[in-house]
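Undergrad: So that you have it, the file is work-v7.cif, and it contains mmCIF, C-alpha atoms:
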data_final
#
loop_
_atom_site.label_atom_id
_atom_site.label_comp_id
_atom_site.auth_asym_id
_atom_site.auth_seq_id
_atom_site.Cartn_x
_atom_site.Cartn_y
_atom_site.Cartn_z
CA MET A 1 28.01 -43.71 3.09
CA LYS A 2 29.84 -46.74 4.42
CA ILE A 3 33.42 -45.61 4.78
CA ALA A 4 36.55 -47.53 5.80
CA ILE A 5 39.33 -45.73 7.63
CA LEU A 6 42.43 -47.87 7.16
CA GLY A 7 44.87 -47.07 9.94
CA THR A 8 44.50 -46.16 13.61
CA GLY A 9 46.84 -43.18 14.01
CA VAL A 10 46.05 -39.49 14.53
CA VAL A 11 45.15 -39.01 10.88
CA GLY A 12 42.71 -41.92 10.90
CA HIS A 13 41.10 -40.70 14.12
CA THR A 14 40.78 -37.16 12.83
CA VAL A 15 39.36 -38.03 9.42
CA GLY A 16 37.21 -40.90 10.74
CA SER A 17 35.70 -38.81 13.54
CA LYS A 18 34.83 -36.00 11.14
CA LEU A 19 33.13 -38.45 8.78
CA ALA A 20 31.24 -40.10 11.65
CA GLN A 21 30.09 -36.68 12.86
CA LEU A 22 28.83 -35.99 9.33
CA GLY A 23 26.58 -39.05 9.70
CA HIS A 24 28.54 -41.63 7.74
CA GLU A 25 28.99 -45.22 8.88
CA VAL A 26 32.68 -45.44 9.60
CA ARG A 27 34.65 -48.64 10.20
CA MET A 28 38.26 -48.33 11.29
CA GLY A 29 40.41 -51.16 9.97
CA SER A 30 43.66 -52.47 11.43
CA ARG A 31 45.64 -55.70 11.79
CA SER A 32 43.50 -56.89 14.68
CA SER A 33 39.79 -56.37 15.31
CA LYS A 34 40.77 -55.81 18.96
CA ASN A 35 43.21 -52.98 18.23
CA GLU A 36 43.09 -50.65 21.26
CA LYS A 37 43.31 -47.43 19.27
CA ALA A 38 40.47 -48.59 17.00
CA LEU A 39 38.33 -49.48 20.02
CA LYS A 40 39.05 -46.04 21.47
CA PHE A 41 37.94 -44.52 18.16
CA VAL A 42 34.63 -46.40 18.45
CA LYS A 43 34.21 -45.22 22.02
CA ASP A 44 35.09 -41.60 21.15
CA ASN A 45 32.39 -41.75 18.48
CA GLU A 46 29.80 -43.72 20.40
CA LYS A 47 27.13 -41.15 19.55
CA HIS A 48 27.75 -41.87 15.88
CA ARG A 49 27.89 -44.94 13.71
CA ALA A 50 31.47 -46.07 14.23
CA SER A 51 32.89 -49.58 14.36
CA ALA A 52 36.21 -51.42 14.21
CA GLY A 53 37.43 -54.47 12.37
CA THR A 54 40.33 -56.03 10.52
CA PHE A 55 41.68 -54.39 7.39
CA GLU A 56 39.86 -57.00 5.29
CA ASP A 57 36.63 -56.58 7.19
CA ALA A 58 36.68 -52.78 6.83
CA ALA A 59 37.55 -53.08 3.13
CA GLN A 60 34.67 -55.50 2.54
CA PHE A 61 32.22 -53.32 4.48
CA CYS A 62 32.91 -50.02 2.75
CA GLU A 63 31.76 -48.16 -0.33
CA LEU A 64 34.74 -45.79 -0.02
CA ALA A 65 38.08 -46.23 1.76
CA PHE A 66 40.68 -43.81 3.12
CA ASN A 67 44.29 -44.96 3.41
CA CYS A 68 45.33 -43.33 6.69
CA THR A 69 48.15 -45.76 7.50
CA LYS A 70 51.74 -44.64 7.87
CA GLY A 71 53.40 -44.65 4.47
CA SER A 72 55.89 -47.27 5.59
CA SER A 73 53.02 -49.64 6.47
CA SER A 74 50.64 -48.79 3.65
CA LEU A 75 51.51 -51.57 1.20
CA ALA A 76 51.32 -54.24 3.89
CA ALA A 77 47.96 -52.86 4.99
CA MET A 78 46.61 -52.88 1.42
CA ARG A 79 47.71 -56.52 1.07
CA LEU A 80 45.79 -57.34 4.24
CA CYS A 81 42.70 -55.62 2.81
CA GLY A 82 43.04 -57.82 -0.24
CA GLU A 83 42.29 -56.96 -3.84
CA GLU A 84 38.77 -58.41 -3.99
CA PRO A 85 37.21 -56.48 -1.06
CA LEU A 86 38.32 -53.16 -2.61
CA GLN A 87 37.58 -54.09 -6.22
CA GLY A 88 35.93 -51.26 -8.17
CA LYS A 89 35.90 -49.01 -5.08
CA ILE A 90 37.53 -45.62 -4.63
CA LEU A 91 40.49 -45.50 -2.25
CA ILE A 92 41.52 -42.02 -1.16
CA ASP A 93 45.24 -42.26 -0.43
CA LEU A 94 46.39 -39.47 1.86
CA ALA A 95 49.52 -41.16 3.18
CA ASN A 96 53.08 -40.05 2.48
CA PRO A 97 56.13 -42.27 1.93
CA LEU A 98 58.05 -40.99 4.95
CA ASP A 99 60.48 -43.11 6.91
CA GLU A 100 61.07 -42.71 10.63
CA LYS A 101 63.50 -39.85 10.05
CA GLY A 102 60.92 -37.98 7.98
CA ASN A 103 62.70 -38.71 4.69
CA ILE A 104 60.81 -39.80 1.59
CA PHE A 105 61.61 -43.47 0.92
CA THR A 106 60.34 -43.87 -2.66
CA PRO A 107 62.67 -43.40 -5.63
CA ARG A 108 62.24 -40.17 -7.60
CA ASP A 109 60.51 -42.03 -10.45
CA ASP A 110 57.92 -43.73 -8.27
CA SER A 111 55.48 -42.82 -5.50
CA LEU A 112 53.44 -44.42 -2.77
CA GLY A 113 50.28 -43.60 -4.73
CA GLU A 114 51.56 -45.59 -7.69
CA GLN A 115 52.74 -48.46 -5.49
CA ILE A 116 49.28 -48.72 -3.97
CA GLN A 117 47.62 -48.55 -7.40
CA ARG A 118 49.90 -51.38 -8.58
CA GLU A 119 49.06 -53.40 -5.47
CA LEU A 120 45.33 -52.85 -6.03
CA PRO A 121 44.93 -52.68 -9.84
CA SER A 122 41.14 -52.94 -9.78
CA THR A 123 40.72 -50.18 -7.18
CA LYS A 124 40.38 -46.51 -8.14
CA VAL A 125 43.21 -44.91 -6.20
CA VAL A 126 42.85 -41.14 -5.82
CA LYS A 127 45.77 -39.32 -4.20
CA THR A 128 44.84 -36.15 -2.37
CA LEU A 129 44.93 -34.42 1.06
CA ASN A 130 48.52 -35.62 1.61
CA THR A 131 49.95 -32.10 1.36
CA VAL A 132 48.26 -30.73 4.48
CA ASN A 133 48.11 -31.56 8.17
CA CYS A 134 45.13 -33.67 9.21
CA SER A 135 43.47 -30.79 11.05
CA VAL A 136 43.49 -28.88 7.75
CA MET A 137 42.46 -31.95 5.73
CA ILE A 138 39.06 -32.04 7.40
CA ASP A 139 38.58 -28.26 7.60
CA ALA A 140 40.13 -26.26 4.77
CA ALA A 141 39.06 -23.04 6.51
CA LYS A 142 41.69 -23.69 9.21
CA VAL A 143 43.92 -21.89 6.73
CA PRO A 144 42.32 -18.55 5.81
CA GLY A 145 41.66 -17.27 2.29
CA ASP A 146 42.48 -19.01 -0.96
CA HIS A 147 44.77 -22.03 -1.06
CA ASP A 148 45.01 -25.15 -3.16
CA LEU A 149 44.75 -28.90 -2.77
CA PHE A 150 46.21 -31.34 -5.30
CA ILE A 151 44.43 -34.39 -6.64
CA CYS A 152 45.48 -37.11 -9.05
CA GLY A 153 44.39 -40.53 -10.17
CA ASN A 154 43.86 -42.62 -13.28
CA GLU A 155 40.07 -42.27 -13.53
CA GLN A 156 38.45 -38.91 -14.12
CA ALA A 157 35.04 -39.98 -12.81
CA ALA A 158 36.61 -41.09 -9.52
CA LYS A 159 38.47 -37.78 -9.17
CA ASP A 160 35.26 -35.87 -9.87
CA LYS A 161 33.43 -37.78 -7.15
CA VAL A 162 36.26 -37.27 -4.65
CA SER A 163 36.43 -33.56 -5.51
CA GLY A 164 32.74 -33.24 -4.69
CA TRP A 165 33.15 -35.02 -1.36
CA LEU A 166 36.17 -32.91 -0.42
CA ARG A 167 34.10 -29.80 -1.09
CA GLU A 168 31.01 -31.03 0.73
CA TRP A 169 32.59 -32.72 3.73
CA PHE A 170 35.77 -30.73 4.36
CA GLY A 171 35.17 -27.38 2.64
CA TRP A 172 37.84 -27.64 -0.05
CA LYS A 173 37.14 -25.01 -2.70
CA SER A 174 40.17 -25.13 -4.96
CA LEU A 175 41.53 -28.42 -6.29
CA ILE A 176 44.32 -28.70 -8.83
CA ASP A 177 44.21 -31.87 -10.93
CA LEU A 178 47.75 -33.17 -11.47
CA GLY A 179 46.62 -35.82 -13.94
CA ASP A 180 47.05 -39.56 -13.56
CA ILE A 181 48.40 -41.33 -10.47
CA THR A 182 52.01 -40.51 -11.42
CA GLY A 183 51.11 -37.01 -10.20
CA ALA A 184 51.63 -38.50 -6.73
CA ARG A 185 55.38 -38.17 -7.38
CA ALA A 186 54.84 -34.41 -7.44
CA SER A 187 52.57 -34.02 -4.43
CA GLU A 188 54.55 -36.50 -2.32
CA SER A 189 57.89 -34.87 -3.22
CA TYR A 190 56.48 -31.56 -2.02
CA LEU A 191 56.47 -33.09 1.48
CA ALA A 192 60.20 -32.43 1.70
CA LEU A 193 59.39 -28.72 1.45
CA TRP A 194 56.34 -29.05 3.68
CA ILE A 195 58.38 -30.56 6.52
CA ARG A 196 61.04 -27.86 6.21
CA LEU A 197 58.36 -25.15 6.22
CA TRP A 198 56.81 -26.72 9.30
CA ASN A 199 60.18 -26.32 11.05
CA VAL A 200 60.24 -22.67 9.98
CA THR A 201 56.60 -21.70 10.61
CA LYS A 202 56.44 -23.73 13.86
CA SER A 203 52.85 -24.65 13.04
CA PRO A 204 51.55 -27.41 10.77
CA ASN A 205 48.48 -25.34 9.86
CA PHE A 206 49.57 -23.85 6.56
CA ASN A 207 49.07 -24.57 2.91
CA VAL A 208 50.20 -23.36 -0.48
CA LYS A 209 48.43 -21.24 -3.02
CA ILE A 210 49.54 -21.36 -6.64
CA VAL A 211 49.71 -17.78 -7.91
CA ARG A 212 49.52 -17.52 -11.68
CA GLY A 213 51.24 -14.83 -13.72
CA SER A 214 50.60 -13.56 -17.22
CA MET B 1 79.48 -5.15 -8.79
CA LYS B 2 81.64 -7.58 -10.70
CA ILE B 3 79.41 -10.59 -11.27
CA ALA B 4 80.13 -13.97 -12.86
CA ILE B 5 77.36 -15.78 -14.69
CA LEU B 6 78.43 -19.42 -14.85
CA GLY B 7 76.63 -21.09 -17.73
CA THR B 8 75.49 -19.93 -21.17
CA GLY B 9 71.90 -21.19 -21.39
CA VAL B 10 68.64 -19.25 -21.31
CA VAL B 11 68.84 -18.78 -17.54
CA GLY B 12 72.37 -17.35 -17.74
CA HIS B 13 71.40 -15.00 -20.56
CA THR B 14 68.28 -13.82 -18.76
CA VAL B 15 69.91 -13.22 -15.38
CA GLY B 16 73.16 -11.88 -16.86
CA SER B 17 71.38 -9.42 -19.17
CA LYS B 18 69.26 -8.11 -16.32
CA LEU B 19 72.34 -7.56 -14.16
CA ALA B 20 74.22 -5.87 -17.03
CA GLN B 21 71.23 -3.57 -17.61
CA LEU B 22 71.34 -2.67 -13.93
CA GLY B 23 74.91 -1.43 -14.48
CA HIS B 24 76.92 -4.35 -13.12
CA GLU B 25 80.03 -5.69 -14.79
CA VAL B 26 79.00 -9.16 -15.90
CA ARG B 27 81.31 -11.86 -17.15
CA MET B 28 79.77 -15.03 -18.56
CA GLY B 29 81.88 -18.11 -17.87
CA SER B 30 81.93 -21.34 -19.84
CA ARG B 31 84.29 -24.15 -20.84
CA SER B 32 85.81 -22.10 -23.65
CA SER B 33 86.43 -18.35 -23.83
CA LYS B 34 85.23 -18.57 -27.44
CA ASN B 35 81.86 -20.13 -26.57
CA GLU B 36 79.39 -18.87 -29.20
CA LYS B 37 76.50 -18.39 -26.81
CA ALA B 38 78.72 -16.39 -24.45
CA LEU B 39 79.95 -14.20 -27.31
CA LYS B 40 76.32 -13.64 -28.33
CA PHE B 41 75.59 -12.61 -24.75
CA VAL B 42 78.38 -10.03 -24.95
CA LYS B 43 77.04 -8.74 -28.26
CA ASP B 44 73.45 -8.59 -26.98
CA ASN B 45 74.71 -6.49 -24.11
CA GLU B 46 77.19 -4.36 -26.01
CA LYS B 47 75.73 -1.17 -24.53
CA HIS B 48 76.56 -2.52 -21.08
CA ARG B 49 79.65 -3.89 -19.39
CA ALA B 50 79.51 -7.54 -20.44
CA SER B 51 82.35 -9.91 -21.20
CA ALA B 52 83.04 -13.61 -21.66
CA GLY B 53 85.73 -15.97 -20.39
CA THR B 54 86.45 -19.41 -19.09
CA PHE B 55 84.80 -20.64 -15.92
CA GLU B 56 88.04 -20.03 -14.02
CA ASP B 57 88.49 -16.57 -15.51
CA ALA B 58 84.92 -15.53 -14.62
CA ALA B 59 85.30 -16.97 -11.12
CA GLN B 60 88.55 -15.06 -10.58
CA PHE B 61 87.08 -11.82 -11.94
CA CYS B 62 83.95 -11.71 -9.85
CA GLU B 63 82.84 -10.50 -6.42
CA LEU B 64 79.65 -12.55 -6.71
CA ALA B 65 78.83 -15.59 -8.86
CA PHE B 66 75.57 -17.12 -10.11
CA ASN B 67 75.48 -20.81 -10.94
CA CYS B 68 73.29 -20.84 -14.05
CA THR B 69 74.60 -24.10 -15.47
CA LYS B 70 72.36 -27.10 -16.05
CA GLY B 71 72.21 -29.16 -12.88
CA SER B 72 73.75 -32.14 -14.61
CA SER B 73 76.80 -30.01 -15.52
CA SER B 74 77.06 -27.92 -12.36
CA LEU B 75 79.65 -29.93 -10.43
CA ALA B 76 81.94 -30.19 -13.46
CA ALA B 77 81.60 -26.44 -13.98
CA MET B 78 82.40 -25.70 -10.33
CA ARG B 79 85.51 -27.88 -10.62
CA LEU B 80 86.60 -25.85 -13.64
CA CYS B 81 86.09 -22.63 -11.68
CA GLY B 82 88.36 -24.07 -9.02
CA GLU B 83 88.17 -23.59 -5.29
CA GLU B 84 90.68 -20.74 -4.99
CA PRO B 85 89.03 -18.26 -7.42
CA LEU B 86 85.71 -18.52 -5.56
CA GLN B 87 87.21 -18.61 -2.05
CA GLY B 88 85.26 -16.48 0.43
CA LYS B 89 82.84 -15.33 -2.28
CA ILE B 90 79.08 -15.78 -2.42
CA LEU B 91 77.78 -18.19 -5.05
CA ILE B 92 74.07 -17.97 -5.74
CA ASP B 93 73.03 -21.44 -6.86
CA LEU B 94 69.82 -21.34 -8.85
CA ALA B 95 70.27 -24.64 -10.72
CA ASN B 96 68.18 -27.76 -10.23
CA PRO B 97 69.35 -31.38 -10.30
CA LEU B 98 67.22 -32.38 -13.30
CA ASP B 99 68.25 -35.03 -15.80
CA GLU B 100 67.28 -34.92 -19.47
CA LYS B 101 63.88 -36.45 -18.76
CA GLY B 102 63.16 -33.73 -16.18
CA ASN B 103 63.62 -36.10 -13.23
CA ILE B 104 65.57 -35.10 -10.13
CA PHE B 105 68.82 -37.05 -10.06
CA THR B 106 69.97 -36.49 -6.47
CA PRO B 107 69.09 -38.96 -3.71
CA ARG B 108 66.39 -37.84 -1.27
CA ASP B 109 68.98 -37.19 1.44
CA ASP B 110 71.19 -34.94 -0.68
CA SER B 111 70.81 -31.97 -3.02
CA LEU B 112 72.70 -30.15 -5.73
CA GLY B 113 73.15 -27.19 -3.38
CA GLU B 114 74.90 -29.42 -0.86
CA GLN B 115 77.01 -31.11 -3.54
CA ILE B 116 78.21 -27.71 -4.73
CA GLN B 117 78.90 -26.58 -1.15
CA ARG B 118 80.97 -29.75 -0.60
CA GLU B 119 82.83 -29.13 -3.88
CA LEU B 120 83.56 -25.52 -2.85
CA PRO B 121 83.91 -25.64 0.94
CA SER B 122 85.36 -22.11 1.24
CA THR B 123 82.61 -20.53 -0.89
CA LYS B 124 79.38 -19.23 0.61
CA VAL B 125 76.75 -21.15 -1.36
CA VAL B 126 73.28 -19.62 -1.16
CA LYS B 127 70.48 -21.59 -2.80
CA THR B 128 67.61 -19.49 -4.07
CA LEU B 129 65.59 -18.57 -7.20
CA ASN B 130 65.52 -22.23 -8.30
CA THR B 131 61.78 -22.56 -7.69
CA VAL B 132 60.69 -20.10 -10.39
CA ASN B 133 61.15 -19.71 -14.12
CA CYS B 134 63.98 -17.37 -15.15
CA SER B 135 61.60 -14.67 -16.39
CA VAL B 136 60.14 -14.60 -12.86
CA MET B 137 63.57 -14.83 -11.20
CA ILE B 138 64.55 -11.40 -12.51
CA ASP B 139 61.12 -9.80 -12.12
CA ALA B 140 59.03 -11.05 -9.23
CA ALA B 141 56.16 -8.82 -10.37
CA LYS B 142 55.66 -11.13 -13.40
CA VAL B 143 53.52 -13.05 -10.93
CA PRO B 144 50.97 -10.65 -9.39
CA GLY B 145 50.32 -10.14 -5.68
CA ASP B 146 52.04 -11.91 -2.81
CA HIS B 147 54.16 -15.00 -3.37
CA ASP B 148 57.25 -16.45 -1.76
CA LEU B 149 60.82 -17.28 -2.64
CA PHE B 150 62.92 -19.75 -0.65
CA ILE B 151 66.50 -19.18 0.42
CA CYS B 152 68.97 -21.33 2.30
CA GLY B 153 72.67 -21.51 3.06
CA ASN B 154 75.10 -22.07 5.86
CA GLU B 155 76.02 -18.42 6.54
CA GLN B 156 73.41 -15.97 7.78
CA ALA B 157 75.36 -12.89 6.68
CA ALA B 158 75.59 -14.23 3.13
CA LYS B 159 71.85 -14.96 3.06
CA ASP B 160 71.13 -11.44 4.34
CA LYS B 161 73.23 -9.90 1.56
CA VAL B 162 71.61 -12.06 -1.09
CA SER B 163 68.14 -11.23 0.26
CA GLY B 164 68.93 -7.53 -0.12
CA TRP B 165 70.14 -7.99 -3.70
CA LEU B 166 67.10 -10.06 -4.64
CA ARG B 167 64.88 -7.29 -3.32
CA GLU B 168 66.82 -4.47 -4.97
CA TRP B 169 67.62 -6.06 -8.33
CA PHE B 170 64.69 -8.36 -9.00
CA GLY B 171 61.88 -7.02 -6.80
CA TRP B 172 61.56 -9.99 -4.44
CA LYS B 173 59.55 -8.92 -1.40
CA SER B 174 58.95 -12.14 0.52
CA LEU B 175 61.75 -14.58 1.21
CA ILE B 176 61.40 -17.66 3.40
CA ASP B 177 64.62 -18.82 5.03
CA LEU B 178 64.79 -22.63 5.00
CA GLY B 179 67.90 -22.71 7.18
CA ASP B 180 71.25 -24.19 6.23
CA ILE B 181 72.17 -25.55 2.81
CA THR B 182 70.36 -28.84 3.48
CA GLY B 183 67.22 -26.76 2.86
CA ALA B 184 68.10 -27.21 -0.81
CA ARG B 185 66.66 -30.74 -0.50
CA ALA B 186 63.31 -29.10 0.13
CA SER B 187 63.34 -26.41 -2.54
CA GLU B 188 64.85 -28.74 -5.17
CA SER B 189 62.34 -31.53 -4.39
CA TYR B 190 59.54 -29.02 -4.96
CA LEU B 191 60.63 -28.97 -8.61
CA ALA B 192 58.80 -32.28 -9.13
CA LEU B 193 55.58 -30.43 -8.28
CA TRP B 194 56.64 -27.33 -10.20
CA ILE B 195 57.11 -29.31 -13.42
CA ARG B 196 53.75 -31.05 -13.01
CA LEU B 197 52.07 -27.70 -12.36
CA TRP B 198 53.73 -26.28 -15.45
CA ASN B 199 52.08 -29.09 -17.47
CA VAL B 200 48.75 -28.19 -15.90
CA THR B 201 48.91 -24.38 -16.01
CA LYS B 202 50.54 -24.38 -19.48
CA SER B 203 52.63 -21.39 -18.44
CA PRO B 204 55.88 -21.31 -16.45
CA ASN B 205 54.99 -17.94 -14.96
CA PHE B 206 53.59 -18.99 -11.62
CA ASN B 207 54.80 -19.24 -8.07
CA VAL B 208 53.64 -20.43 -4.68
CA LYS B 209 52.47 -18.48 -1.70
CA ILE B 210 52.59 -20.06 1.73
CA VAL B 211 49.29 -19.31 3.47
CA ARG B 212 49.48 -19.59 7.24
CA GLY B 213 46.63 -20.67 9.44
CA SER B 214 45.98 -20.21 13.13
#
What is this file in structure tokens?

TA:
Amino acid sequence: MKIAILGTGVVGHTVGSKLAQLGHEVRMGSRSSKNEKALKFVKDNEKHRASAGTFEDAAQFCELAFNCTKGSSSLAAMRLCGEEPLQGKILIDLANPLDEKGNIFTPRDDSLGEQIQRELPSTKVVKTLNTVNCSVMIDAAKVPGDHDLFICGNEQAAKDKVSGWLREWFGWKSLIDLGDITGARASESYLALWIRLWNVTKSPNFNVKIVRGS
Amino acid sequence: MKIAILGTGVVGHTVGSKLAQLGHEVRMGSRSSKNEKALKFVKDNEKHRASAGTFEDAAQFCELAFNCTKGSSSLAAMRLCGEEPLQGKILIDLANPLDEKGNIFTPRDDSLGEQIQRELPSTKVVKTLNTVNCSVMIDAAKVPGDHDLFICGNEQAAKDKVSGWLREWFGWKSLIDLGDITGARASESYLALWIRLWNVTKSPNFNVKIVRGS
């Protein structure tokens, strides 16, 4: 598939490299087509089909996009992609609305997922992967045994497709559907606990399992 | 022990009845000593040592208090208890800052646990149990297998005591210490996910397990 990785940070590199290794055509998008981190990504993946371009260029190129920008830059990045290039396409949003202190910046009755969906009304925004570290995102088995990933979005068919890709590409076995894109309020709010647990466990490689009672 | 249950709702009844059955002297506190729900609690537990009184009366009476009021009423209730009657005592805060729509009403950089600790600076506020339904609070085995409860508070000795009671009285085996009372931001924020999961699982009898990777 032709996949856009929007954002040049560690998450974009990790997810983009994995997808390139799997044989996909991956274009990393950023503000400038000469972005140094994006060019390094291309070099790191020179054995695979990797390229770099502007946000708009990557958005136009792709069949599927991943929002890997920092939450505080995500809306600006989506605006630079433009609505038309992403029209009708699935955008997997794995960013979190964290400010520089690690605090969630969205109000309790909103979420970054919803903000992005409002910014791109004709794009199928699917929120998922945002509740685990990027090394776990691309390899669910980094955390042993059973554990759960959350997914939400307004279109069932888009969520079904994304669920299949998460299983096939990254090994995710158990996905919990939180409903429409407002479910992002739930999975993004969990980040407050995730960050605190990271401080306690001293490793970002953990996840949650929902244990059901009678 | 002499235990105050502050609040007359389902959570107060459930926790108070369990403690009375275990042989503790339980006094349910509310705005009025003639509160009908509190008098029903006394009647329901007439075989045990249960009584009812005002918030201040219950606070004065007790060696240990549970805040079982609705989050939106908690600060007013703590004010009615007064600082002196709860001085030096442990207050287990299991409330959540939910408004009538089920939305969290505290800002992201504050929590109900912290607000209560600021209201009662000479009380040892320990936040715990707020991440599970009250039927699970008093019987961890309602959810099978391994799962985790979070605890936080400013005083280690108080958290150690509470951990022991949770184990002995309610069967909690695995507690994760989130640090000082600001950890309440994390466990209270998780409620947004808890409520969404409740909608999905259709049962409130579930909990999370933190699964650690390498």

Undergrad: Taking all atoms listed in the file into account, what are the residues of chain B at most 6 Å from chain A, put as a PyMOL selection string?

TA: chain B and resi 142-143+186+189-190+192-193+205-213

Undergrad: Do you have the CA of Cys134 in chain A-CA of Leu149 in chain B distance handy?

TA: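 Those two atoms sit 25.6 Å apart.
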
Undergrad: Go through B:Lys124, B:Lys40, B:Lys47, B:Arg118 and flag the residue nearest Ala157 in chain B, using only C-alpha atoms for the distances.

TA: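 The answer is B:Lys124, which sits nearest to Ala157 in chain B.
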
Undergrad: Carefully work through the PyMOL selection byres ((chain B and resi 83) around 12) for this structure and note down the residues it includes, as a PyMOL selection string.

TA: chain B and resi 55-56+59-60+75+77-82+84-89+91+116-124

Undergrad: What does the distance between CA of Phe66 in chain B and CA of Trp169 in chain B come to in Å, to one decimal place?

TA: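 We find that CA of Phe66 in chain B and CA of Trp169 in chain B lie 13.7 Å from each other.
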
Undergrad: So, counting all atoms listed in the file, which residue among B:Asn96, B:Ser51, B:Ser32, B:Gln115 is closest to Asn133 in chain B?

TA: B:Asn96
